[in-house]
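Next up, run03.txt (compact mmCIF, C-alpha atoms):
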# COMPACT_ATOMS: atom_id res chain seq x y z
CA MET T 275 -24.33 -58.37 47.01
CA GLY T 276 -26.50 -60.72 49.12
CA ARG T 277 -30.27 -60.88 48.95
CA LYS T 278 -30.69 -59.32 52.43
CA MET T 279 -28.38 -56.43 51.53
CA ILE T 280 -30.28 -55.72 48.31
CA VAL T 281 -33.59 -55.67 50.19
CA SER T 282 -32.17 -53.29 52.80
CA VAL T 283 -30.85 -50.87 50.19
CA LEU T 284 -34.15 -50.91 48.28
CA ALA T 285 -36.07 -50.30 51.48
CA ALA T 286 -33.88 -47.32 52.32
CA LEU T 287 -34.37 -45.86 48.84
CA VAL T 288 -38.14 -46.24 49.14
CA LEU T 289 -38.13 -44.45 52.48
CA VAL T 290 -36.14 -41.53 51.07
CA ALA T 291 -38.48 -41.30 48.07
CA ILE T 292 -41.55 -41.36 50.30
CA SER T 293 -40.23 -38.91 52.88
CA GLY T 294 -39.08 -36.33 50.28
CA PRO T 295 -36.67 -33.46 50.88
CA GLY T 296 -38.60 -31.98 53.81
CA GLN T 297 -38.02 -35.07 55.93
CA ALA T 298 -34.38 -35.21 54.88
CA TRP T 299 -33.86 -31.60 55.96
CA ALA T 300 -35.70 -32.19 59.23
CA GLN T 301 -33.36 -35.05 60.06
CA LYS T 302 -30.49 -32.55 60.04
CA GLY T 303 -32.09 -30.73 62.93
CA PRO T 304 -33.21 -27.11 63.17
CA ILE T 305 -31.51 -24.19 61.47
CA LYS T 306 -29.90 -22.15 64.22
CA ILE T 307 -29.78 -18.39 63.71
CA GLY T 308 -27.61 -16.38 66.09
CA PHE T 309 -28.83 -12.80 66.46
CA LEU T 310 -26.94 -9.97 68.15
CA ALA T 311 -28.79 -6.89 69.40
CA PRO T 312 -28.50 -4.27 72.16
CA LEU T 313 -31.31 -5.26 74.50
CA THR T 314 -30.14 -3.19 77.48
CA GLY T 315 -28.68 0.30 77.64
CA GLY T 316 -29.46 3.41 75.63
CA ALA T 317 -30.19 1.52 72.40
CA ALA T 318 -32.51 -1.09 73.92
CA GLN T 319 -35.60 0.09 72.02
CA VAL T 320 -33.70 -0.17 68.75
CA GLY T 321 -32.60 -3.69 69.68
CA LYS T 322 -36.19 -4.65 70.47
CA ASP T 323 -37.33 -3.35 67.08
CA MET T 324 -34.63 -5.44 65.41
CA VAL T 325 -35.64 -8.64 67.19
CA ASN T 326 -39.33 -7.93 66.56
CA GLY T 327 -38.74 -7.61 62.82
CA LEU T 328 -36.98 -10.95 62.42
CA THR T 329 -39.31 -12.72 64.85
CA MET T 330 -42.37 -11.48 62.97
CA TRP T 331 -41.12 -12.88 59.65
CA LEU T 332 -40.29 -16.23 61.23
CA GLU T 333 -43.68 -16.50 62.94
CA GLU T 334 -45.49 -15.61 59.71
CA HIS T 335 -43.73 -18.58 58.11
CA GLY T 336 -44.29 -21.12 60.85
CA ASN T 337 -40.78 -20.70 62.24
CA GLN T 338 -39.43 -22.61 59.26
CA ILE T 339 -36.83 -21.83 56.63
CA ALA T 340 -36.51 -23.98 53.52
CA GLY T 341 -38.61 -26.68 55.18
CA ARG T 342 -36.51 -26.86 58.35
CA LYS T 343 -37.50 -25.68 61.80
CA VAL T 344 -35.70 -22.57 63.03
CA GLU T 345 -34.15 -21.95 66.42
CA LEU T 346 -33.49 -18.23 66.97
CA ILE T 347 -30.86 -17.51 69.63
CA VAL T 348 -30.72 -13.83 70.63
CA GLU T 349 -27.81 -12.36 72.56
CA ASP T 350 -27.57 -8.90 74.17
CA THR T 351 -24.51 -6.90 73.04
CA GLN T 352 -25.34 -3.81 75.13
CA GLY T 353 -24.03 -1.93 72.07
CA GLN T 354 -20.43 -2.67 73.11
CA PRO T 355 -17.81 -4.16 70.74
CA ASN T 356 -16.13 -6.31 73.41
CA ILE T 357 -19.45 -7.76 74.57
CA ALA T 358 -20.54 -8.34 70.97
CA LEU T 359 -17.34 -10.31 70.32
CA THR T 360 -17.91 -12.44 73.43
CA LYS T 361 -21.49 -13.19 72.41
CA LEU T 362 -20.38 -13.96 68.84
CA ARG T 363 -17.91 -16.51 70.18
CA LYS T 364 -20.63 -18.11 72.31
CA LEU T 365 -23.06 -18.37 69.39
CA VAL T 366 -20.50 -20.00 67.11
CA GLU T 367 -18.56 -22.22 69.50
CA SER T 368 -21.24 -23.24 72.01
CA ASP T 369 -24.55 -22.88 70.18
CA LYS T 370 -23.19 -24.07 66.80
CA VAL T 371 -25.33 -21.63 64.80
CA HIS T 372 -25.55 -21.93 61.01
CA VAL T 373 -25.79 -18.20 60.33
CA LEU T 374 -25.40 -14.95 62.24
CA SER T 375 -27.17 -11.62 61.94
CA GLY T 376 -27.89 -8.39 63.80
CA GLY T 377 -25.61 -5.81 65.38
CA LEU T 378 -26.23 -2.08 65.60
CA PHE T 379 -23.36 0.40 65.78
CA ALA T 380 -20.88 0.86 62.93
CA HIS T 381 -17.83 0.46 65.18
CA VAL T 382 -19.26 -2.86 66.37
CA GLY T 383 -19.57 -3.90 62.73
CA TYR T 384 -15.91 -3.11 62.11
CA ALA T 385 -14.93 -5.09 65.23
CA LEU T 386 -16.98 -8.20 64.38
CA ALA T 387 -16.03 -8.58 60.70
CA PRO T 388 -12.49 -10.02 61.19
CA LYS T 389 -13.81 -12.57 63.71
CA VAL T 390 -16.62 -13.58 61.37
CA ASP T 391 -14.05 -14.18 58.64
CA GLU T 392 -11.91 -16.16 61.07
CA TYR T 393 -14.84 -18.44 61.94
CA LYS T 394 -15.85 -18.70 58.27
CA ILE T 395 -19.53 -18.44 59.08
CA PRO T 396 -22.01 -16.27 57.13
CA MET T 397 -23.23 -13.16 58.92
CA LEU T 398 -25.82 -10.73 57.60
CA TYR T 399 -25.50 -7.04 58.50
CA PRO T 400 -29.00 -5.55 58.24
CA VAL T 401 -28.16 -2.51 60.39
CA MET T 402 -24.40 -2.08 60.87
CA ALA T 403 -23.65 0.39 58.10
CA ALA T 404 -19.88 0.92 58.31
CA ASP T 405 -18.93 2.07 54.79
CA ASP T 406 -15.61 0.30 54.36
CA LEU T 407 -17.00 -3.21 54.93
CA THR T 408 -18.26 -3.15 51.34
CA GLN T 409 -15.65 -0.75 50.02
CA ARG T 410 -11.94 -0.76 50.90
CA LYS T 411 -11.99 -3.48 53.57
CA PRO T 412 -14.53 -6.07 52.41
CA ALA T 413 -15.14 -9.04 54.69
CA LYS T 414 -15.67 -12.31 52.79
CA TRP T 415 -18.19 -13.81 55.22
CA VAL T 416 -20.20 -10.64 55.87
CA VAL T 417 -23.27 -10.11 53.67
CA ARG T 418 -24.68 -6.63 53.99
CA ASN T 419 -28.41 -6.51 53.33
CA GLY T 420 -28.96 -3.11 54.96
CA TRP T 421 -27.01 -0.06 53.77
CA THR T 422 -23.84 1.97 54.06
CA SER T 423 -23.80 4.99 56.35
CA SER T 424 -23.15 7.47 53.56
CA GLN T 425 -25.53 5.91 51.01
CA PRO T 426 -28.61 8.08 51.76
CA SER T 427 -26.47 11.16 52.36
CA HIS T 428 -25.03 11.35 48.83
CA PRO T 429 -28.25 12.14 46.96
CA PHE T 430 -29.56 14.15 49.90
CA GLY T 431 -26.67 16.63 49.97
CA GLU T 432 -27.21 17.62 46.35
CA TRP T 433 -31.00 17.67 46.81
CA VAL T 434 -30.71 20.11 49.73
CA VAL T 435 -28.90 22.62 47.50
CA LYS T 436 -30.98 22.17 44.36
CA THR T 437 -34.42 21.76 45.93
CA LEU T 438 -34.32 23.59 49.27
CA GLY T 439 -31.81 26.20 48.17
CA TYR T 440 -29.73 25.98 51.35
CA LYS T 441 -26.11 27.00 50.77
CA ARG T 442 -24.62 27.26 54.29
CA VAL T 443 -25.08 24.40 56.72
CA VAL T 444 -23.76 23.50 60.19
CA THR T 445 -23.39 19.79 60.91
CA ILE T 446 -23.62 18.19 64.34
CA GLY T 447 -23.02 14.45 64.39
CA ILE T 448 -22.39 11.80 67.01
CA ASP T 449 -18.63 11.29 67.22
CA TYR T 450 -17.97 7.77 65.94
CA ALA T 451 -17.68 5.94 62.61
CA PHE T 452 -21.38 6.05 61.70
CA GLY T 453 -21.63 9.77 62.44
CA TRP T 454 -18.49 10.57 60.47
CA GLU T 455 -19.69 8.61 57.44
CA VAL T 456 -23.24 10.00 57.40
CA VAL T 457 -21.97 13.57 57.76
CA GLY T 458 -19.11 12.95 55.31
CA GLY T 459 -21.40 11.69 52.55
CA PHE T 460 -23.67 14.71 53.00
CA GLN T 461 -20.77 17.17 53.00
CA LYS T 462 -19.22 15.71 49.85
CA SER T 463 -22.29 16.01 47.62
CA PHE T 464 -23.58 19.18 49.30
CA GLU T 465 -20.35 21.05 48.62
CA GLU T 466 -19.98 19.62 45.12
CA ALA T 467 -23.44 21.07 44.37
CA GLY T 468 -22.34 24.52 45.52
CA GLY T 469 -23.08 24.41 49.25
CA GLN T 470 -20.73 25.12 52.15
CA VAL T 471 -20.45 23.29 55.47
CA ILE T 472 -19.40 26.18 57.72
CA GLN T 473 -19.08 24.34 61.04
CA LYS T 474 -18.80 20.72 62.26
CA LEU T 475 -19.61 19.72 65.85
CA TRP T 476 -19.02 16.24 67.33
CA PRO T 477 -20.80 15.29 70.58
CA PRO T 478 -19.67 11.89 71.98
CA LEU T 479 -21.72 8.71 71.56
CA GLY T 480 -24.33 8.58 74.33
CA THR T 481 -24.67 12.37 74.68
CA THR T 482 -28.05 13.44 76.06
CA ASP T 483 -27.26 17.04 77.10
CA PHE T 484 -26.58 19.08 73.97
CA ALA T 485 -26.54 22.54 75.54
CA PRO T 486 -22.75 23.03 75.16
CA TYR T 487 -23.02 22.21 71.45
CA LEU T 488 -26.23 24.10 70.70
CA SER T 489 -24.71 27.28 72.10
CA GLN T 490 -21.86 26.99 69.58
CA ILE T 491 -24.01 26.66 66.44
CA ARG T 492 -23.36 29.52 64.06
CA ARG T 493 -26.47 31.61 63.48
CA ASP T 494 -25.40 32.68 59.98
CA ALA T 495 -26.23 29.22 58.58
CA ASP T 496 -29.25 28.39 56.42
CA ALA T 497 -29.92 25.09 58.22
CA VAL T 498 -28.46 22.45 60.55
CA PHE T 499 -27.75 18.84 59.58
CA ALA T 500 -27.90 16.60 62.68
CA LEU T 501 -27.00 12.93 62.95
CA MET T 502 -28.38 11.39 66.13
CA VAL T 503 -28.66 7.76 67.24
CA ALA T 504 -30.33 5.82 70.08
CA ALA T 505 -30.89 7.93 73.23
CA SER T 506 -29.50 11.05 71.54
CA SER T 507 -32.39 10.95 69.05
CA LEU T 508 -34.82 11.14 71.95
CA ARG T 509 -33.25 14.26 73.42
CA PHE T 510 -31.85 16.39 70.61
CA PRO T 511 -34.98 17.70 68.81
CA LYS T 512 -36.59 19.04 72.01
CA GLN T 513 -33.37 20.67 73.18
CA TYR T 514 -32.88 22.16 69.72
CA GLN T 515 -36.34 23.71 69.85
CA ASP T 516 -35.97 24.89 73.46
CA ALA T 517 -32.73 26.65 72.51
CA GLY T 518 -34.76 28.76 70.05
CA LEU T 519 -32.98 27.28 67.04
CA LYS T 520 -35.84 25.53 65.25
CA ALA T 521 -37.57 28.79 64.34
CA ARG T 522 -34.35 30.21 62.90
CA LEU T 523 -32.53 27.20 61.40
CA PRO T 524 -34.50 24.36 59.73
CA LEU T 525 -33.42 20.94 60.97
CA LEU T 526 -32.15 18.36 58.49
CA GLY T 527 -30.50 15.10 59.42
CA GLY T 528 -29.40 11.56 58.86
CA GLY T 529 -32.13 8.93 58.72
CA THR T 530 -31.78 7.75 62.33
CA THR T 531 -32.38 11.26 63.70
CA PHE T 532 -36.12 10.98 63.03
CA ASP T 533 -36.56 7.25 62.48
CA GLU T 534 -39.87 5.64 63.44
CA PHE T 535 -38.34 4.08 66.53
CA VAL T 536 -38.12 7.55 68.09
CA LEU T 537 -41.11 9.41 66.58
CA PRO T 538 -43.70 8.12 69.11
CA SER T 539 -41.57 9.65 71.89
CA LEU T 540 -41.31 13.06 70.22
CA GLY T 541 -43.76 15.93 70.00
CA ASP T 542 -44.22 18.90 67.72
CA GLU T 543 -40.50 19.66 67.98
CA ALA T 544 -39.96 16.96 65.34
CA ILE T 545 -42.42 18.39 62.80
CA GLY T 546 -40.69 19.59 59.65
CA GLY T 547 -37.51 17.55 60.14
CA ILE T 548 -36.22 16.28 56.78
CA THR T 549 -34.06 13.15 56.49
CA PRO T 550 -33.08 10.56 53.85
CA LEU T 551 -33.29 6.79 54.35
CA MET T 552 -34.15 3.63 52.44
CA TYR T 553 -37.37 3.12 54.42
CA SER T 554 -40.37 5.01 55.69
CA ALA T 555 -43.37 3.48 57.40
CA ALA T 556 -45.46 5.94 55.36
CA LEU T 557 -44.49 4.33 52.03
CA ASP T 558 -47.74 3.88 50.13
CA THR T 559 -47.25 0.46 48.55
CA PRO T 560 -49.39 -2.66 49.04
CA VAL T 561 -46.47 -4.60 50.56
CA ASN T 562 -45.57 -1.88 53.05
CA ARG T 563 -49.17 -1.10 53.98
CA ARG T 564 -49.66 -4.77 54.90
CA PHE T 565 -46.34 -4.86 56.77
CA VAL T 566 -47.20 -1.75 58.81
CA LYS T 567 -50.71 -3.00 59.56
CA ASP T 568 -49.50 -6.42 60.72
CA TYR T 569 -46.61 -5.00 62.72
CA ARG T 570 -48.87 -2.53 64.53
CA ALA T 571 -51.35 -5.27 65.31
CA LYS T 572 -48.60 -7.45 66.76
CA TYR T 573 -46.43 -4.92 68.59
CA GLY T 574 -48.67 -1.87 69.07
CA LYS T 575 -46.38 0.53 67.21
CA VAL T 576 -45.30 1.59 63.75
CA PRO T 577 -42.29 -0.37 62.42
CA SER T 578 -38.98 1.42 62.30
CA TYR T 579 -36.29 0.97 59.69
CA TYR T 580 -34.62 -1.39 62.17
CA SER T 581 -37.76 -3.55 62.10
CA GLU T 582 -38.00 -3.59 58.32
CA VAL T 583 -34.40 -4.57 57.56
CA CYS T 584 -34.50 -7.39 60.11
CA TYR T 585 -37.90 -8.56 58.84
CA THR T 586 -36.45 -8.69 55.33
CA THR T 587 -33.44 -10.58 56.75
CA GLY T 588 -35.75 -13.52 57.46
CA ARG T 589 -36.77 -13.67 53.83
CA TRP T 590 -33.15 -13.18 52.72
CA ILE T 591 -31.98 -16.21 54.68
CA ASN T 592 -34.96 -18.26 53.50
CA ASP T 593 -34.45 -17.44 49.81
CA ALA T 594 -30.77 -18.35 49.99
CA ALA T 595 -31.48 -21.55 51.93
CA LYS T 596 -34.14 -22.67 49.44
CA ALA T 597 -31.74 -22.07 46.55
CA ILE T 598 -29.35 -24.68 47.98
CA GLY T 599 -31.95 -27.19 49.10
CA GLY T 600 -31.77 -26.21 52.77
CA ASP T 601 -28.16 -27.37 53.08
CA LEU T 602 -26.85 -24.62 55.37
CA GLU T 603 -24.19 -26.98 56.65
CA ASP T 604 -22.28 -26.26 53.43
CA ARG T 605 -21.16 -22.79 54.47
CA GLU T 606 -19.41 -21.83 51.24
CA LYS T 607 -22.44 -22.76 49.17
CA PHE T 608 -24.76 -20.95 51.55
CA LEU T 609 -22.58 -17.81 51.50
CA ALA T 610 -22.65 -17.78 47.68
CA ALA T 611 -26.44 -18.13 47.74
CA LEU T 612 -26.82 -15.24 50.20
CA ARG T 613 -24.90 -12.98 47.84
CA LYS T 614 -27.23 -13.83 44.95
CA VAL T 615 -30.51 -13.00 46.71
CA GLU T 616 -32.70 -10.30 45.21
CA VAL T 617 -35.88 -9.10 46.93
CA PRO T 618 -38.07 -7.25 44.42
CA ASP T 619 -40.88 -6.54 46.88
CA ALA T 620 -39.46 -5.83 50.33
CA PRO T 621 -41.48 -3.32 52.40
CA ARG T 622 -38.76 -0.76 51.64
CA GLY T 623 -38.90 -1.52 47.90
CA PRO T 624 -36.67 -3.56 45.56
CA VAL T 625 -33.27 -4.65 46.93
CA LYS T 626 -30.32 -6.36 45.25
CA LEU T 627 -26.59 -6.40 45.91
CA ASP T 628 -24.01 -4.56 43.83
CA ALA T 629 -20.71 -6.08 42.72
CA TYR T 630 -19.20 -5.05 46.07
CA GLY T 631 -21.90 -6.72 48.16
CA ASN T 632 -23.98 -3.72 49.24
CA PRO T 633 -27.68 -3.18 48.47
CA ILE T 634 -28.84 -1.09 45.55
CA GLN T 635 -32.17 0.35 46.71
CA ASN T 636 -34.45 3.36 46.75
CA ILE T 637 -33.56 6.32 48.94
CA TYR T 638 -36.52 8.31 50.22
CA ILE T 639 -36.47 11.95 51.30
CA ARG T 640 -38.82 12.09 54.28
CA LYS T 641 -40.46 14.96 56.12
CA VAL T 642 -41.93 14.59 59.60
CA GLU T 643 -45.62 15.49 59.55
CA LYS T 644 -48.49 14.92 61.94
CA LYS T 645 -51.46 12.92 60.65
CA ASP T 646 -54.39 11.90 62.84
CA GLY T 647 -52.40 12.77 65.94
CA GLU T 648 -49.35 10.69 64.96
CA LEU T 649 -45.96 11.67 63.58
CA TRP T 650 -45.05 10.12 60.23
CA ASN T 651 -42.10 10.34 57.86
CA THR T 652 -43.98 11.45 54.75
CA VAL T 653 -42.07 10.63 51.55
CA ILE T 654 -41.57 13.82 49.55
CA HIS T 655 -39.06 12.53 46.99
CA THR T 656 -37.68 9.18 45.84
CA PHE T 657 -34.27 8.45 44.37
CA PRO T 658 -34.62 5.02 42.72
CA ALA T 659 -31.93 2.31 42.73
CA VAL T 660 -29.20 4.18 44.61
CA SER T 661 -25.90 2.34 45.11
CA GLN T 662 -23.32 3.01 47.82
CA PHE T 663 -21.33 4.95 45.20
CA TRP T 664 -24.31 6.96 43.92
CA LYS T 665 -23.23 8.72 40.72
CA TYR T 666 -19.50 8.29 41.34
CA PRO T 667 -17.51 5.63 39.43
CA PRO T 668 -16.51 3.06 42.09
CA GLU T 669 -12.84 3.08 41.09
CA GLN T 670 -12.73 6.87 41.47
CA PHE T 671 -14.69 6.90 44.73
CA LEU T 672 -12.48 4.27 46.36
CA LYS T 673 -9.36 6.37 45.79
CA GLN T 674 -10.56 8.84 48.42
CA PRO T 675 -10.18 8.03 52.14
CA VAL T 676 -13.10 6.60 54.07
CA TYR T 677 -15.16 9.41 55.59
CA ASP T 678 -13.94 10.25 59.07
CA ARG T 679 -13.89 13.07 61.59
CA ASN T 680 -11.62 15.19 59.38
CA PHE T 681 -12.54 14.02 55.87
CA PRO T 682 -13.85 15.81 53.97
CA PRO T 683 -11.96 18.71 55.57
CA CYS T 684 -14.02 21.67 56.72
CA LYS T 685 -12.56 24.19 54.31
CA TYR T 686 -15.34 26.72 54.88
CA CYS T 687 -15.26 26.59 58.68

Show this structure as structure tokens.
Amino acid sequence: MGRKMIVSVLAALVLVAISGPGQAWAQKGPIKIGFLAPLTGGAAQVGKDMVNGLTMWLEEHGNQIAGRKVELIVEDTQGQPNIALTKLRKLVESDKVHVLSGGLFAHVGYALAPKVDEYKIPMLYPVMAADDLTQRKPAKWVVRNGWTSSQPSHPFGEWVVKTLGYKRVVTIGIDYAFGWEVVGGFQKSFEEAGGQVIQKLWPPLGTTDFAPYLSQIRRDADAVFALMVAASSLRFPKQYQDAGLKARLPLLGGGTTFDEFVLPSLGDEAIGGITPLMYSAALDTPVNRRFVKDYRAKYGKVPSYYSEVCYTTGRWINDAAKAIGGDLEDREKFLAALRKVEVPDAPRGPVKLDAYGNPIQNIYIRKVEKKDGELWNTVIHTFPAVSQFWKYPPEQFLKQPVYDRNFPPCKYC
């Protein structure tokens, strides 16, 4: 090797040593995160909460992940599978993102997963809760850091029998995968504990006039279990009360029925509603109190579950990226790191993935109460470290069909 070559090599080594890993990462350019959310249509407020959560985490950390600048590219799915697929293609092929996240509805989650696997690019699902994506039809490149639809319903169904003493329940759930799975998980554990689902009603996705369904509800029930999403959550509680049902049949539900995204738009008709979920803005922990305070200061409202899971997504990506030295260009290595992340102190509580790739986390039973003129989901019971299989052995659970419109069958109807 000539003298000039030796000098050049030594000079290059000195520069690398001086610059350190931060400079090396910076030379690779920014980390591009592609984020899908419904920003128009009936679920626009939910989409805004999702974007706000991730944006807040990034801004708190100087818009950097593992020492590299971050470019967040947000695309509007309008809550439609075909539009979500088009935007996914744009983010991967045109924008050349390193990682994807977001999405709302369960049927959108089912539609995106095969394409994500085809592209071989990591995508985090903080919201899309379709059960089978971490059960019978796992997607290699999807990392779920949110929940499965039926996960909160399993402990809740048994709790309703043993704690509230309700034995006969009517369910009314939005008629698509998420609704089937939330209702199905509740029905399974509720009936195994001695309860009976005596009627099941299925209004279509996007329903805002529930009169035809409310008139059908059997009055010989002890309570009603309602699963509402997006615009339906805004309308159902008031119509339920106006139909004279609230005074006769206590209202239970899936977590999105009374989530914090909708509470500011509701009145006293929501008071007393009981739902299970892995987050409540009323959680009295130092981490969550700070999160709620900072979120309110920034956005003028209480964070919803959609905000929390997307806020925690920022940390999830950062922890995985740091574990591999910021080398997100190595997709296989980055995917493996994402699956190893544990967050012991998320605002919702401790979170880690099970062997099937779904979070094990606390499930909170929440009751809507008014405090200082505001509606809050007060936590009245906590089930710690609940998996997507709850108390069922996974091998046994996976032998049953995925929850759908007709499973479990309504044998007491």

Could you tell me which of T:Asn562, T:Thr530, T:Thr351, T:Gln515 comes closest to Pro426 of chain T if we count only C-alpha atoms? T:Thr530

Spatial neighbours of segment 355-360 of chain T, 7 Å, all atoms listed in the file, chain gap at least 2 places, as an MDAnalysis selection string: chainID T and resid 351 353 362:364 382 385:386

Export of prior selection with C-alpha atoms as a PDB file, in the coordinates of the input:
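Generated output (part.pdb):
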ATOM      1  CA  THR T 351     -24.510  -6.900  73.040  1.00  0.00           C
ATOM      2  CA  GLY T 353     -24.030  -1.930  72.070  1.00  0.00           C
ATOM      3  CA  LEU T 362     -20.380 -13.960  68.840  1.00  0.00           C
ATOM      4  CA  ARG T 363     -17.910 -16.510  70.180  1.00  0.00           C
ATOM      5  CA  LYS T 364     -20.630 -18.110  72.310  1.00  0.00           C
ATOM      6  CA  VAL T 382     -19.260  -2.860  66.370  1.00  0.00           C
ATOM      7  CA  ALA T 385     -14.930  -5.090  65.230  1.00  0.00           C
ATOM      8  CA  LEU T 386     -16.980  -8.200  64.380  1.00  0.00           C
TER       9      LEU T 386
END

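One distance worth recording is that between atom CA of Met552 of chain T and atom CA of Gln635 of chain T, which is 6.9 Å.
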
Residue contacts of Val443 of chain T (7 Å, all atoms listed in the file) excluding same-chain residues fewer than 2 positions away, as a ChimeraX atom specification: /T:441,445,470-472,495-499

Need the shell around segment 431-433 of chain T: protein/DNA/RNA residues with any atom at most 8 Å away, counting only C-alpha atoms. Skip same-chain ones fewer than 6 positions apart. Format as number ranges by chain? T: 459-467

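In this structure, atom CA of Tyr638 of chain T sits 22.0 Å away from atom CA of Gly468 of chain T.
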
Name all residues at most 10 Å from Lys370 of chain T (count all atoms listed in the file; drop same-chain ones fewer than 3 positions away) and give them as a PyMOL selection string. chain T and resi 305-308+363-367+373

Would you export the selected residues with C-alpha atoms as a PDB file, keeping the file's coordinate frame, please?
ATOM      1  CA  ILE T 305     -31.510 -24.190  61.470  1.00  0.00           C
ATOM      2  CA  LYS T 306     -29.900 -22.150  64.220  1.00  0.00           C
ATOM      3  CA  ILE T 307     -29.780 -18.390  63.710  1.00  0.00           C
ATOM      4  CA  GLY T 308     -27.610 -16.380  66.090  1.00  0.00           C
ATOM      5  CA  ARG T 363     -17.910 -16.510  70.180  1.00  0.00           C
ATOM      6  CA  LYS T 364     -20.630 -18.110  72.310  1.00  0.00           C
ATOM      7  CA  LEU T 365     -23.060 -18.370  69.390  1.00  0.00           C
ATOM      8  CA  VAL T 366     -20.500 -20.000  67.110  1.00  0.00           C
ATOM      9  CA  GLU T 367     -18.560 -22.220  69.500  1.00  0.00           C
ATOM     10  CA  VAL T 373     -25.790 -18.200  60.330  1.00  0.00           C
TER      11      VAL T 373
END
